[in-house]
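Following: one structure in structure tokens, then a few remarks.
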Amino acid sequence: MNGTASENLVYLDHAATTPMRESAIAAMMPFLAGEYANPSGSHRFARRARQAVDEARDMVADVVGCSPGEIVFTGSGTEGDNTAIRGVVERTGGRAVCSAAEHHAVLHCVEHVGGHVLGTDAWGSIDLDRLAACLEDAPDSGPDSIGVVSVMAVNNETGSVTDLDAVSRVVRRRAPRAVLHTDAVQAACWLDLRDQWPHVDALALSAHKFGGPKGVGILAIRAGSPIAPFVLGGGQERDRRSGTHNVAGIVATAVALHDTDRERAHEAIRVAELRETLIAGLSQVGDVHRTIPADRSVPGVAHVCFAGIENEALLYLLDEQGVCASAASACASGAMEPSHVLAAMGVERSLAHGALRLSLGHTTTEADVDSAITAVVSAVSHLRQAAGR
């Protein structure tokens, strides 16, 4: 198996988290043992740790396409999203705007600060007409003005890609003072971040989504953007994010991002072919809906909805067969509720109950795909027979 030595598992949940890259593990090990100094110190031991953080910052900035001084290391992608949204609201007094299909790290944050949540198109991207109307109706300044617009680069459930260039044109034309933020947590493996950065003012990443460790995030903040710090204390990261640096994690993150960037073009082609093989194999059960077409989705996500089944039961059967997958749904009040993303897209509730996300990554093989096809087809057929369909 791919990633787990002790179990014969088929891991197709890379959108949830990726196996750490061997290069990232090797890079972090010295800083978990001998090089343990605090980089905020003044002695030579501390200076070596600080140099490692600075070099990691340079590597990350090169991949994002920004300057090293615009990179802030955080504890997660969620922290980055919260910093960008709440930081702008606190600093400017303006309101926040996002789409109804955002990750909860953005959606709950915007709701918490009393912002606007807008509808989406059929693919889960923010509706540009509604966005334009929202921005046009807002005053240029004051508490009802728009301080920040947050639009994800790649949807975490469906893999749908947002045209950030189009979003940026709407925001710059109608709310030129607003900060445009993107949750790019799902983008690093599949999109060149250098193409995304010119369109936004803040961009959040999470290391464990591209082969780095959990507990490390990145927030790129364009110079001059009015974002108040979310974590206060020791003044680290130029007063933008206080707290002792996770040197080992930061170094590993930089290496993982560098390697992901270097391999992206080849991996996108390889994984896209595997994804299409997977989709074709699943179609043999019939009555299966592909949520996002290939040309609107990143290569690593195969999102489908099976009519006539409940995904909770499907996931149980897949787990019994050693296939790791996700329904991309949330549990509310003790009952499985359809995904808020699919609801925003207008997917029928009965169909959304049968949603399945199979996400591929750098360790995925042809054997994984073949095994997954066999397991899913068997499980869906069993559930339909049991239901009398």
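Identifiers in the structure tokens: chain A, B, ... in order shown; residue index from 1 per chain; ligand index from 1 in order shown.
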So which residues touch Leu257 (chain A) within 9 Å, counting only C-alpha atoms, skipping near sequence neighbours fewer than 6 positions away, as a PyMOL selection string?
chain A and resi 59-60+63+188-189+207+210-212
Let's have the selection written as a short mmCIF file (atom, residue, chain, number, x, y, z; two decimals), in the first residue's frame, with C-alpha atoms.
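Here's the written file part-v1.cif:
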data_model
loop_
_atom_site.label_atom_id
_atom_site.label_comp_id
_atom_site.auth_asym_id
_atom_site.auth_seq_id
_atom_site.Cartn_x
_atom_site.Cartn_y
_atom_site.Cartn_z
CA MET A 59 11.21 28.87 -0.89
CA VAL A 60 7.51 29.38 -0.20
CA VAL A 63 6.26 29.05 -5.31
CA ALA A 188 -1.41 23.88 -4.36
CA CYS A 189 -1.25 20.36 -5.82
CA ALA A 207 0.81 22.12 4.62
CA PHE A 210 0.40 18.93 -0.22
CA GLY A 211 2.58 16.44 1.62
CA GLY A 212 3.68 18.57 4.53
#
Enumerate, as a ChimeraX atom specification, the complete set of residues in region 95-341 of chain A that a backbone-based DSSP assignment places in strand (DSSP E).
/A:95-99,116-118,146-150,179-183,202-206,217-221,288-290,301-306,323-324,330-332,335-337
Please indicate the distance in Å from CA of Ala248 (chain A) to CA of Leu32 (chain A), rounded to one decimal place.
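Rounded to one decimal, the two atoms are 6.2 Å apart.
Taking CA of Lys214 (chain A) and CA of Val231 (chain A) as endpoints, the distance between them is 18.8 Å.
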Between CA of Leu232 (chain A) and CA of Phe73 (chain A) - distance in Å to one decimal:
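Computed distance, CA of Phe73 (chain A) to CA of Leu232 (chain A), equals 13.9 Å.
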Mind running region 153-205 of chain A against region 261-269 of chain A at 12 Å and telling me each contacting residue's nearest atom pair with the distance in Å (one decimal), counting only C-alpha atoms, chain and number ascending, as a tab-separated table?
residue	atom	partner	partner_atom	distance
A:Ala187	CA	A:Arg264	CA	10.8
A:Ala188	CA	A:Asp261	CA	7.6
A:Cys189	CA	A:Arg264	CA	6.3
A:Trp190	CA	A:Ala268	CA	6.2
A:Leu191	CA	A:Arg264	CA	7.8
A:Asp192	CA	A:Asp261	CA	7.4
A:Leu193	CA	A:Asp261	CA	8.8
A:Arg194	CA	A:Asp261	CA	10.2
What are the nearest atom pairs, with distances in Å to one decimal, for all residues of region 146-265 of chain A that come at most 10 Å from region 33-39 of chain A, using only C-alpha atoms, set out by chain and rising residue number as JSON lines?
{"residue": "A:Gln236", "atom": "CA", "partner": "A:Pro39", "partner_atom": "CA", "distance": 9.8}
{"residue": "A:Thr244", "atom": "CA", "partner": "A:Asn38", "partner_atom": "CA", "distance": 7.2}
{"residue": "A:His245", "atom": "CA", "partner": "A:Pro39", "partner_atom": "CA", "distance": 7.0}
{"residue": "A:Asn246", "atom": "CA", "partner": "A:Asn38", "partner_atom": "CA", "distance": 9.0}
{"residue": "A:Val247", "atom": "CA", "partner": "A:Pro39", "partner_atom": "CA", "distance": 7.8}
{"residue": "A:Ala248", "atom": "CA", "partner": "A:Tyr36", "partner_atom": "CA", "distance": 8.6}
All residues 7 Å or closer to Asn156 (chain A), only C-alpha atoms, same chain fewer than 2 positions away omitted, as a compact mmCIF listing (two decimals) with C-alpha atoms, in the first residue's frame:
# COMPACT_ATOMS: atom_id res chain seq x y z
CA ALA A 15 -8.40 16.19 -0.18
CA HIS A 103 -15.19 25.85 3.39
CA VAL A 154 -10.70 25.18 -5.50
CA THR A 158 -16.18 18.91 -5.47
CA GLY A 159 -12.81 20.09 -6.81
CA GLN A 186 -6.95 22.65 -2.23
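Every protein, DNA or RNA residue with an atom at most 10 Å from Asp195 (chain A), where only C-alpha atoms count and chain neighbours fewer than 5 positions away do not, is listed here: Val64, Gly65, Leu164 and Asp165 of chain A.
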